[in-house]
Amino acid sequence: MKRFAFLRTWEALLVVLLLVAIVIGSSLSPYFFTGFNVSSLTRDLMEKAIMALSMTLIIITGEIDLSVASVLGLASVVLGAVWQAGVPLWLGIILVLILGAVAGLVNGLLVTRLGLPSLVVTLGTLGLYRGLAYVVLGDQAVSNFPAAFTNFGFGSVPGTLIPWPFVVFALLALLFIGVLHLSWIGRQIYAIGNNKEAARFAGIRVARVKLLLFMVSGLLAALAGVIFTARFSSARPDNALGFELDVVTIVLLGGVNIFGGKGTLFGVILSLFIIGAVRNSLGLVSISGDIQNIVVGVLLIFSVLGPNVVQSIQAALTRRHLAASSSTKKV
Amino acid sequence: MTTTSKGHEEARTAPRVSQSRLVRYVSRVRELGLLIVLLLVVVVVSVQEPRFLTVSNIEQILLSVAILAIVAVGETLVILTRNIDLSVGSMVGFAAFVTADLFKQQPGTNLVLAILLGCALGLVLGAVNGLAVTVGRVPAIIMTLGTLYVYRGLDFVVAGGTQVSASDVPDSYLSLATTQILGIPALILFAAAIALIFAYLLRSTRSGRQLYAIGSNPEAARLAGIRSNLLVFGAFALSGLLCGLAGVLWGARFATVDATAATGLELQVIAAVVVGGVSTLGGSGTILGAILGAIVLGTVDNSLNLLKLSQFWLQAIDGAAIVIAVTLDAFITRWLQRALITRRQR
């Protein structure tokens with residue numbers, strides 16, 4: 001078994017993948033591995049990165065939230081609408097963060113109180129929340145945001161190339177790593193994903209933990225919506241359309257098991273930059289987003305298919321090994 | 001969780017007979033409820049707008065539902081096996097573009113050949129989904145979320161920013177959508193025929209019943225000797241085939257096709273199927289229910305149009321329909337379970 005030990009650390013594989021992505025990116029374009037490009041690559045990723053944090057926790061409990069990109073879009077247009085109506089921006093931001101938490105609460109209540117599959121519930125709210133975003137603003141866009149707000153979106157920490165949204169993500173990532181990997185809440189989350197019946201008998205309030213996670217997911221999606229709005233200085237109902245593909249891909253490619261119970265935030269952060277590097281380098285050679293989706297979709301499929309195939313091969317090898325040793329014993 | 005353990009207790013007190021009766025009750029309540037909703041919409045809208053209940057408007061509703069219904073039939077097959085196919089919109093769009101583009105590139109192409117090509121493309125795309133789900137053991141949600149974007153991306157690669165317009169395709173192709181048989185548009189008859197054929201197959205053939213068995217209890221189905229993998233693969237492949245066919249018809253109906261055709265169709269299809277009472281937990285639901293769901297949503301869509309309400313509500317309504325339908329199902333099931341138990345205790 002020792003021969004396959006390296007396969008078991010998914011993170012090691014991700015480091016290799018990231019290096020490959022960087023090498024390919026650099027060979028595609030001389031601009032790829034420059035400070036400026038790495039900075040803008042990182043900035044482009046931050047909404048997905050923030051949503052991937054809570055998505056990781058949700059998928060570890062064995063659920064999924066497909067509505068995140070729609071909550072982002074809804075938060076963005078509501079922020080635009082209330083700003084246009086003359087509400088101060090700080091109040092508007094607080095309002096949409098609450099709105100996001102409520103959107104997540106609706107998902108969570110349907111999943112935990114009624115026992116409905118989260119896949120179906122959040123597929124429904126994916127349509128519902130995005131639809132409401134169109135209802136709020138129609139095909140309009142709000143773009144007259146104050147400079148201080150938009151500077152936060154596309155400005156950097158003075159004297160460095162570090163984008164402000166990255167600072168937000170880094171703080172949140174530390175918080176989430178602490179919660180998932182160092183606290184009792186994290187142990188509960190893994191326990192729920194491994195065996196929710198056993199978790200319940202061990203005294204874990206499964207429904208409450210899941211409800212909370214769905215609320216956090218909505219809240220972070222709304223926060224991502226605020227950042228997205230600031231970055232593009234634009235509140236449009238089709239903002240971040242289809243981002244759920246990237247978020248789910250980042251989490252699963254990061255080694256989180258779709259059936260729950262397994263995975264780390266370190267893997268997710270590595271895979272975040274793999275997806276970022278892939279999209280960025282394809283973008284540098286002017287391949288459109290719709291065509292980039294082919295690569296991301298294939299990565300999503302292979303992040304699940306790959307381990308399954310490896311497992312089958314391992315099982316077959318073990319069987320053959322056992323068969324061989326038993327036949328030698330007979331002799 | 002709580003529901004599961006309660007389910008266990010109830011399974012112990014109530015024998016299998018009442019379980020299957022329960023399923024029948026649920027579907028009957030569902031289809032009745034849908035008819036009532038449909039009737040309500042019809043009454044309310046026709047009071048407000050006399051143009052609603054005219055032959056031409058009803059024909060319009062059925063025409064807009066026809067293509068959706070064909071896709072919904074395939075989606076029903078997949079959902080019955082406790083899987084889901086999110087890639088249907090991309091498969092329809094891809095097949096629509098490739099078929100229409102074939103006429104543009106090779107003007108003399110035989111119509112039957114083009115139709116077969118569109119269907120074959122759908123079949124291959126569906127088979128890829130089916131293979132990964134069965135042999136590769138990739139969960140259907142992940143596989144088809146991936147191929148939703150992969151197939152759409154390939155569509156963009158093939159299209160390369162071009163579009164096919166009505167003047168690029170022969171009239172014989174467009175007539176697929178405009179021909180009338182006995183005064184009824186052929187497209188509607190076509191969709192109805194497909195629905196009836198698959199309703200019959202699901203109801204009365206061994207493979208049809210086995211699809212239900214797989215959905216209600218995959219493990220038991222396997223132990224009973226049902227070739228689950230083959231059947232689930234078949235469901236995905238048929239879903240692809242029907243999407244290919246729907247794509248061919250899409251091209252004929254809308255004439256102008258680019259790489260974005262049928263984007264987001266998956267949400268409408270799943271809404272129709274779920275509203276029609278097909279359980280996303282697998283094993284329960286009918287083709288006729290799914291078609292009824294599609295007609296209800298199509299009617300709501302048409303009413304919004306007639307009442308000049310904002311088109312922007314459409315997506316919100318599809319999404320809300322999914323959420324409301326599964327919520328109602330949960331309540332009805334719970335209520336019926338309780339009713340059956342109290343009757344048993346009496």
# chains A, B, ... in the order shown; residues from 1 in each chain; ligands from 1
$ residues_around --residues "A:Arg113" --least-positions-apart "4" --cutoff "8 Å" --atoms "only C-alpha atoms" --output "list of chain:residue names"
A:Gly108, A:Leu109, A:Ala207
$ interface_residues --of "chain A" --to "chain B" --cutoff "8 Å" --atoms "only C-alpha atoms" --output "PDB file with N, CA and C atoms, in the first residue's frame"
ATOM      1  N   LEU A 110     -35.971  25.066   4.649  1.00  0.00           N
ATOM      2  CA  LEU A 110     -36.575  24.046   3.775  1.00  0.00           C
ATOM      3  C   LEU A 110     -35.810  22.728   3.881  1.00  0.00           C
ATOM      4  N   LEU A 114     -38.076  20.606   6.726  1.00  0.00           N
ATOM      5  CA  LEU A 114     -38.925  19.731   5.911  1.00  0.00           C
ATOM      6  C   LEU A 114     -38.181  18.509   5.404  1.00  0.00           C
ATOM      7  N   GLY A 115     -36.881  18.449   5.654  1.00  0.00           N
ATOM      8  CA  GLY A 115     -36.118  17.291   5.212  1.00  0.00           C
ATOM      9  C   GLY A 115     -36.017  17.170   3.701  1.00  0.00           C
ATOM     10  N   LEU A 116     -36.091  18.307   2.989  1.00  0.00           N
ATOM     11  CA  LEU A 116     -36.003  18.262   1.529  1.00  0.00           C
ATOM     12  C   LEU A 116     -34.543  18.193   1.097  1.00  0.00           C
ATOM     13  N   VAL A 120     -32.278  20.077  -4.619  1.00  0.00           N
ATOM     14  CA  VAL A 120     -33.497  20.540  -5.283  1.00  0.00           C
ATOM     15  C   VAL A 120     -33.906  21.913  -4.760  1.00  0.00           C
ATOM     16  N   VAL A 121     -33.842  22.075  -3.418  1.00  0.00           N
ATOM     17  CA  VAL A 121     -34.220  23.350  -2.821  1.00  0.00           C
ATOM     18  C   VAL A 121     -33.378  24.482  -3.412  1.00  0.00           C
ATOM     19  N   LEU A 123     -31.562  24.487  -6.111  1.00  0.00           N
ATOM     20  CA  LEU A 123     -31.760  24.645  -7.551  1.00  0.00           C
ATOM     21  C   LEU A 123     -32.979  25.537  -7.780  1.00  0.00           C
ATOM     22  N   GLY A 124     -34.016  25.326  -6.972  1.00  0.00           N
ATOM     23  CA  GLY A 124     -35.200  26.174  -7.055  1.00  0.00           C
ATOM     24  C   GLY A 124     -34.884  27.617  -6.704  1.00  0.00           C
ATOM     25  N   THR A 125     -34.160  27.816  -5.592  1.00  0.00           N
ATOM     26  CA  THR A 125     -33.872  29.189  -5.190  1.00  0.00           C
ATOM     27  C   THR A 125     -32.821  29.819  -6.101  1.00  0.00           C
ATOM     28  N   LEU A 126     -32.002  28.999  -6.782  1.00  0.00           N
ATOM     29  CA  LEU A 126     -31.111  29.538  -7.823  1.00  0.00           C
ATOM     30  C   LEU A 126     -31.956  30.314  -8.833  1.00  0.00           C
ATOM     31  N   GLY A 127     -33.054  29.697  -9.283  1.00  0.00           N
ATOM     32  CA  GLY A 127     -33.954  30.377 -10.217  1.00  0.00           C
ATOM     33  C   GLY A 127     -34.699  31.518  -9.552  1.00  0.00           C
ATOM     34  N   LEU A 128     -35.186  31.258  -8.346  1.00  0.00           N
ATOM     35  CA  LEU A 128     -36.018  32.246  -7.653  1.00  0.00           C
ATOM     36  C   LEU A 128     -35.240  33.530  -7.351  1.00  0.00           C
ATOM     37  N   TYR A 129     -34.062  33.393  -6.725  1.00  0.00           N
ATOM     38  CA  TYR A 129     -33.306  34.583  -6.333  1.00  0.00           C
ATOM     39  C   TYR A 129     -32.813  35.351  -7.562  1.00  0.00           C
ATOM     40  N   ARG A 130     -32.362  34.625  -8.582  1.00  0.00           N
ATOM     41  CA  ARG A 130     -31.925  35.297  -9.809  1.00  0.00           C
ATOM     42  C   ARG A 130     -33.117  35.997 -10.459  1.00  0.00           C
ATOM     43  N   GLY A 131     -34.266  35.311 -10.435  1.00  0.00           N
ATOM     44  CA  GLY A 131     -35.475  35.909 -11.001  1.00  0.00           C
ATOM     45  C   GLY A 131     -35.845  37.182 -10.259  1.00  0.00           C
ATOM     46  N   LEU A 132     -35.752  37.152  -8.926  1.00  0.00           N
ATOM     47  CA  LEU A 132     -36.077  38.340  -8.138  1.00  0.00           C
ATOM     48  C   LEU A 132     -35.111  39.472  -8.468  1.00  0.00           C
ATOM     49  N   TYR A 134     -33.885  40.093 -11.345  1.00  0.00           N
ATOM     50  CA  TYR A 134     -34.406  40.711 -12.569  1.00  0.00           C
ATOM     51  C   TYR A 134     -35.646  41.541 -12.275  1.00  0.00           C
ATOM     52  N   VAL A 135     -36.453  41.072 -11.294  1.00  0.00           N
ATOM     53  CA  VAL A 135     -37.665  41.813 -10.955  1.00  0.00           C
ATOM     54  C   VAL A 135     -37.285  43.173 -10.359  1.00  0.00           C
ATOM     55  N   GLY A 138     -34.977  44.898 -13.460  1.00  0.00           N
ATOM     56  CA  GLY A 138     -35.250  44.703 -14.890  1.00  0.00           C
ATOM     57  C   GLY A 138     -33.950  44.606 -15.654  1.00  0.00           C
ATOM     58  N   LYS A 196     -24.732  11.242   9.916  1.00  0.00           N
ATOM     59  CA  LYS A 196     -25.550  12.223  10.621  1.00  0.00           C
ATOM     60  C   LYS A 196     -26.397  11.573  11.703  1.00  0.00           C
ATOM     61  N   GLU A 197     -26.725  10.274  11.505  1.00  0.00           N
ATOM     62  CA  GLU A 197     -27.471   9.581  12.557  1.00  0.00           C
ATOM     63  C   GLU A 197     -26.622   9.477  13.822  1.00  0.00           C
ATOM     64  N   ARG A 200     -26.227  12.730  15.509  1.00  0.00           N
ATOM     65  CA  ARG A 200     -27.399  13.142  16.263  1.00  0.00           C
ATOM     66  C   ARG A 200     -27.433  12.414  17.613  1.00  0.00           C
ATOM     67  N   VAL A 206     -27.832  18.515  14.680  1.00  0.00           N
ATOM     68  CA  VAL A 206     -27.544  18.473  13.250  1.00  0.00           C
ATOM     69  C   VAL A 206     -28.304  19.578  12.509  1.00  0.00           C
ATOM     70  N   ALA A 207     -29.615  19.657  12.768  1.00  0.00           N
ATOM     71  CA  ALA A 207     -30.442  20.622  12.042  1.00  0.00           C
ATOM     72  C   ALA A 207     -29.959  22.045  12.288  1.00  0.00           C
ATOM     73  N   LEU A 245     -20.864  27.158 -10.783  1.00  0.00           N
ATOM     74  CA  LEU A 245     -19.990  26.133 -11.379  1.00  0.00           C
ATOM     75  C   LEU A 245     -18.588  26.234 -10.792  1.00  0.00           C
ATOM     76  N   ASP A 290     -17.170  31.553 -22.005  1.00  0.00           N
ATOM     77  CA  ASP A 290     -18.008  30.391 -22.304  1.00  0.00           C
ATOM     78  C   ASP A 290     -17.163  29.193 -22.688  1.00  0.00           C
ATOM     79  N   ILE A 291     -16.037  29.459 -23.361  1.00  0.00           N
ATOM     80  CA  ILE A 291     -15.167  28.350 -23.777  1.00  0.00           C
ATOM     81  C   ILE A 291     -14.263  27.923 -22.617  1.00  0.00           C
ATOM     82  N   GLN A 292     -13.863  28.900 -21.756  1.00  0.00           N
ATOM     83  CA  GLN A 292     -13.116  28.546 -20.535  1.00  0.00           C
ATOM     84  C   GLN A 292     -13.908  27.553 -19.690  1.00  0.00           C
ATOM     85  N   ASN A 293     -15.264  27.699 -19.721  1.00  0.00           N
ATOM     86  CA  ASN A 293     -16.116  26.822 -18.926  1.00  0.00           C
ATOM     87  C   ASN A 293     -15.893  25.352 -19.246  1.00  0.00           C
ATOM     88  N   ILE A 294     -15.474  25.058 -20.504  1.00  0.00           N
ATOM     89  CA  ILE A 294     -15.209  23.656 -20.866  1.00  0.00           C
ATOM     90  C   ILE A 294     -14.149  23.098 -19.926  1.00  0.00           C
ATOM     91  N   VAL A 295     -13.047  23.857 -19.762  1.00  0.00           N
ATOM     92  CA  VAL A 295     -11.942  23.379 -18.924  1.00  0.00           C
ATOM     93  C   VAL A 295     -12.396  23.223 -17.477  1.00  0.00           C
ATOM     94  N   VAL A 296     -13.142  24.227 -16.971  1.00  0.00           N
ATOM     95  CA  VAL A 296     -13.581  24.167 -15.579  1.00  0.00           C
ATOM     96  C   VAL A 296     -14.551  23.009 -15.376  1.00  0.00           C
ATOM     97  N   GLY A 297     -15.480  22.830 -16.324  1.00  0.00           N
ATOM     98  CA  GLY A 297     -16.427  21.720 -16.230  1.00  0.00           C
ATOM     99  C   GLY A 297     -15.718  20.375 -16.228  1.00  0.00           C
ATOM    100  N   VAL A 298     -14.720  20.236 -17.111  1.00  0.00           N
ATOM    101  CA  VAL A 298     -13.965  18.982 -17.173  1.00  0.00           C
ATOM    102  C   VAL A 298     -13.212  18.756 -15.859  1.00  0.00           C
ATOM    103  N   LEU A 300     -14.127  19.807 -12.944  1.00  0.00           N
ATOM    104  CA  LEU A 300     -15.134  19.411 -11.962  1.00  0.00           C
ATOM    105  C   LEU A 300     -15.402  17.911 -12.058  1.00  0.00           C
ATOM    106  N   ILE A 301     -15.630  17.441 -13.293  1.00  0.00           N
ATOM    107  CA  ILE A 301     -15.966  16.031 -13.482  1.00  0.00           C
ATOM    108  C   ILE A 301     -14.791  15.149 -13.058  1.00  0.00           C
ATOM    109  N   VAL A 304     -14.009  14.292  -9.366  1.00  0.00           N
ATOM    110  CA  VAL A 304     -14.743  13.189  -8.754  1.00  0.00           C
ATOM    111  C   VAL A 304     -14.408  11.871  -9.449  1.00  0.00           C
ATOM    112  N   LEU A 305     -14.341  11.941 -10.781  1.00  0.00           N
ATOM    113  CA  LEU A 305     -14.079  10.729 -11.560  1.00  0.00           C
ATOM    114  C   LEU A 305     -12.677  10.186 -11.273  1.00  0.00           C
ATOM    115  N   ASN A 308     -12.308   8.129  -8.116  1.00  0.00           N
ATOM    116  CA  ASN A 308     -13.060   6.886  -8.296  1.00  0.00           C
ATOM    117  C   ASN A 308     -12.274   5.883  -9.116  1.00  0.00           C
ATOM    118  N   VAL A 309     -11.644   6.366 -10.189  1.00  0.00           N
ATOM    119  CA  VAL A 309     -10.877   5.476 -11.059  1.00  0.00           C
ATOM    120  C   VAL A 309      -9.671   4.921 -10.299  1.00  0.00           C
TER     121      VAL A 309
END
$ atom_distance --atom1 "atom CA of A:Ser303" --atom2 "atom CA of A:Gly254"
8.2 Å
$ residues_around --residues "B:Leu309" --least-positions-apart "5" --cutoff "12 Å" --atoms "only C-alpha atoms" --output "VMD selection string"
(chain A and resid 135) or (chain B and resid 45 300 to 304 314)
$ atom_distance --atom1 "atom CA of B:Arg30" --atom2 "atom CA of A:Asn107"
23.2 Å
$ residues_around --residues "stretch 234-251 of chain B" --least-positions-apart "3" --cutoff "7 Å" --atoms "only C-alpha atoms" --output "number ranges by chain"
B: 67, 70-71, 74-75, 77-78, 88, 91-93, 95-96, 99-100, 115, 118-123, 125-127, 129-130, 177, 230-231, 254-255, 257
$ residues_around --residues "A:Ser76" --least-positions-apart "4" --cutoff "10 Å" --atoms "only C-alpha atoms" --output "list in words"
Ser70, Val71, Leu72, Gly80, Ala81, Ile93, Val96, Ala133, Val142, Ala221, Ala222, Leu223, Ala224, Gly225, Val226, Ile227, Phe228, Thr229, Ala230, Ser234, Ala235, Arg236, Pro237, Asp238, Asn239 and Ala240 of chain A
$ select_by_dssp --residues "stretch 239-334 of chain B" --states "helix (DSSP H, G or I)" --output "count of residues only"
69
$ atom_distance --atom1 "atom CA of B:Arg51" --atom2 "atom CA of B:Gly293"
22.7 Å
$ select_by_dssp --residues "stretch 141-223 of chain B" --states "strand (DSSP E or B)" --output "list in words"
Val164, Gln180, Ile181, Ile184 and Pro185 of chain B
$ write_last_selection --atoms "N, CA and C atoms" --output "JSON list (two decimals), in the first residue's frame"
[["chain", "number", "residue", "atom", "x", "y", "z"],
["B", 164, "VAL", "N", -27.16, 31.23, -37.22],
["B", 164, "VAL", "CA", -27.88, 30.75, -38.40],
["B", 164, "VAL", "C", -29.23, 31.45, -38.41],
["B", 180, "GLN", "N", -49.43, 21.67, -40.42],
["B", 180, "GLN", "CA", -50.60, 21.32, -39.63],
["B", 180, "GLN", "C", -51.16, 20.00, -40.13],
["B", 181, "ILE", "N", -51.59, 19.16, -39.19],
["B", 181, "ILE", "CA", -52.26, 17.92, -39.57],
["B", 181, "ILE", "C", -53.68, 17.99, -39.00],
["B", 184, "ILE", "N", -54.31, 20.82, -36.66],
["B", 184, "ILE", "CA", -53.53, 20.93, -35.42],
["B", 184, "ILE", "C", -52.05, 20.98, -35.78],
["B", 185, "PRO", "N", -51.29, 21.90, -35.20],
["B", 185, "PRO", "CA", -49.87, 21.97, -35.53],
["B", 185, "PRO", "C", -49.17, 20.63, -35.27]]
$ decode --residues "stretch 217-283 of chain A" --atoms "C-alpha atoms" --output "PDB file, in the first residue's frame"
ATOM      1  CA  SER A 217     -23.501  30.778   3.010  1.00  0.00           C
ATOM      2  CA  GLY A 218     -26.178  33.362   2.150  1.00  0.00           C
ATOM      3  CA  LEU A 219     -24.389  36.019   4.192  1.00  0.00           C
ATOM      4  CA  LEU A 220     -21.040  35.421   2.483  1.00  0.00           C
ATOM      5  CA  ALA A 221     -22.697  35.309  -0.949  1.00  0.00           C
ATOM      6  CA  ALA A 222     -24.196  38.730  -0.194  1.00  0.00           C
ATOM      7  CA  LEU A 223     -20.784  39.984   0.941  1.00  0.00           C
ATOM      8  CA  ALA A 224     -19.344  38.665  -2.327  1.00  0.00           C
ATOM      9  CA  GLY A 225     -22.137  40.602  -4.033  1.00  0.00           C
ATOM     10  CA  VAL A 226     -21.061  43.822  -2.347  1.00  0.00           C
ATOM     11  CA  ILE A 227     -17.448  43.256  -3.432  1.00  0.00           C
ATOM     12  CA  PHE A 228     -18.504  42.347  -6.982  1.00  0.00           C
ATOM     13  CA  THR A 229     -20.579  45.528  -7.183  1.00  0.00           C
ATOM     14  CA  ALA A 230     -17.668  47.631  -5.950  1.00  0.00           C
ATOM     15  CA  ARG A 231     -15.204  45.957  -8.299  1.00  0.00           C
ATOM     16  CA  PHE A 232     -17.216  46.535 -11.451  1.00  0.00           C
ATOM     17  CA  SER A 233     -18.965  49.648 -10.103  1.00  0.00           C
ATOM     18  CA  SER A 234     -22.109  48.114 -11.478  1.00  0.00           C
ATOM     19  CA  ALA A 235     -25.238  46.509 -10.038  1.00  0.00           C
ATOM     20  CA  ARG A 236     -26.802  44.347 -12.734  1.00  0.00           C
ATOM     21  CA  PRO A 237     -29.192  41.421 -12.346  1.00  0.00           C
ATOM     22  CA  ASP A 238     -26.936  39.111 -14.371  1.00  0.00           C
ATOM     23  CA  ASN A 239     -23.894  39.770 -12.164  1.00  0.00           C
ATOM     24  CA  ALA A 240     -21.895  36.584 -11.486  1.00  0.00           C
ATOM     25  CA  LEU A 241     -24.244  34.466 -13.593  1.00  0.00           C
ATOM     26  CA  GLY A 242     -23.079  30.827 -13.481  1.00  0.00           C
ATOM     27  CA  PHE A 243     -20.507  31.357 -10.702  1.00  0.00           C
ATOM     28  CA  GLU A 244     -21.894  28.317  -8.891  1.00  0.00           C
ATOM     29  CA  LEU A 245     -19.990  26.133 -11.379  1.00  0.00           C
ATOM     30  CA  ASP A 246     -16.676  27.626 -10.307  1.00  0.00           C
ATOM     31  CA  VAL A 247     -17.484  27.584  -6.600  1.00  0.00           C
ATOM     32  CA  VAL A 248     -18.576  23.934  -6.589  1.00  0.00           C
ATOM     33  CA  THR A 249     -15.608  23.006  -8.806  1.00  0.00           C
ATOM     34  CA  ILE A 250     -13.147  24.785  -6.518  1.00  0.00           C
ATOM     35  CA  VAL A 251     -14.483  22.952  -3.477  1.00  0.00           C
ATOM     36  CA  LEU A 252     -14.613  19.482  -5.050  1.00  0.00           C
ATOM     37  CA  LEU A 253     -11.293  19.841  -6.854  1.00  0.00           C
ATOM     38  CA  GLY A 254      -9.947  20.908  -3.458  1.00  0.00           C
ATOM     39  CA  GLY A 255     -10.518  17.353  -2.276  1.00  0.00           C
ATOM     40  CA  VAL A 256     -13.827  17.797  -0.457  1.00  0.00           C
ATOM     41  CA  ASN A 257     -15.958  14.678  -0.793  1.00  0.00           C
ATOM     42  CA  ILE A 258     -19.333  15.376  -2.451  1.00  0.00           C
ATOM     43  CA  PHE A 259     -20.943  12.884  -0.030  1.00  0.00           C
ATOM     44  CA  GLY A 260     -19.596  14.800   2.956  1.00  0.00           C
ATOM     45  CA  GLY A 261     -17.261  14.122   5.846  1.00  0.00           C
ATOM     46  CA  LYS A 262     -13.940  14.667   4.080  1.00  0.00           C
ATOM     47  CA  GLY A 263     -11.791  17.559   2.872  1.00  0.00           C
ATOM     48  CA  THR A 264      -9.765  20.511   4.089  1.00  0.00           C
ATOM     49  CA  LEU A 265      -9.776  24.254   3.488  1.00  0.00           C
ATOM     50  CA  PHE A 266      -6.082  24.059   2.518  1.00  0.00           C
ATOM     51  CA  GLY A 267      -6.975  21.914  -0.468  1.00  0.00           C
ATOM     52  CA  VAL A 268      -9.791  24.279  -1.368  1.00  0.00           C
ATOM     53  CA  ILE A 269      -7.482  27.313  -1.274  1.00  0.00           C
ATOM     54  CA  LEU A 270      -4.977  25.516  -3.516  1.00  0.00           C
ATOM     55  CA  SER A 271      -7.655  24.557  -6.012  1.00  0.00           C
ATOM     56  CA  LEU A 272      -8.952  28.128  -5.908  1.00  0.00           C
ATOM     57  CA  PHE A 273      -5.681  29.337  -7.393  1.00  0.00           C
ATOM     58  CA  ILE A 274      -5.610  26.479  -9.910  1.00  0.00           C
ATOM     59  CA  ILE A 275      -9.004  27.563 -11.261  1.00  0.00           C
ATOM     60  CA  GLY A 276      -7.867  31.192 -11.129  1.00  0.00           C
ATOM     61  CA  ALA A 277      -4.669  30.440 -13.050  1.00  0.00           C
ATOM     62  CA  VAL A 278      -6.532  28.392 -15.665  1.00  0.00           C
ATOM     63  CA  ARG A 279      -9.182  31.055 -16.288  1.00  0.00           C
ATOM     64  CA  ASN A 280      -6.641  33.873 -16.261  1.00  0.00           C
ATOM     65  CA  SER A 281      -4.193  32.255 -18.678  1.00  0.00           C
ATOM     66  CA  LEU A 282      -6.997  31.277 -21.073  1.00  0.00           C
ATOM     67  CA  GLY A 283      -8.262  34.833 -20.824  1.00  0.00           C
TER      68      GLY A 283
END
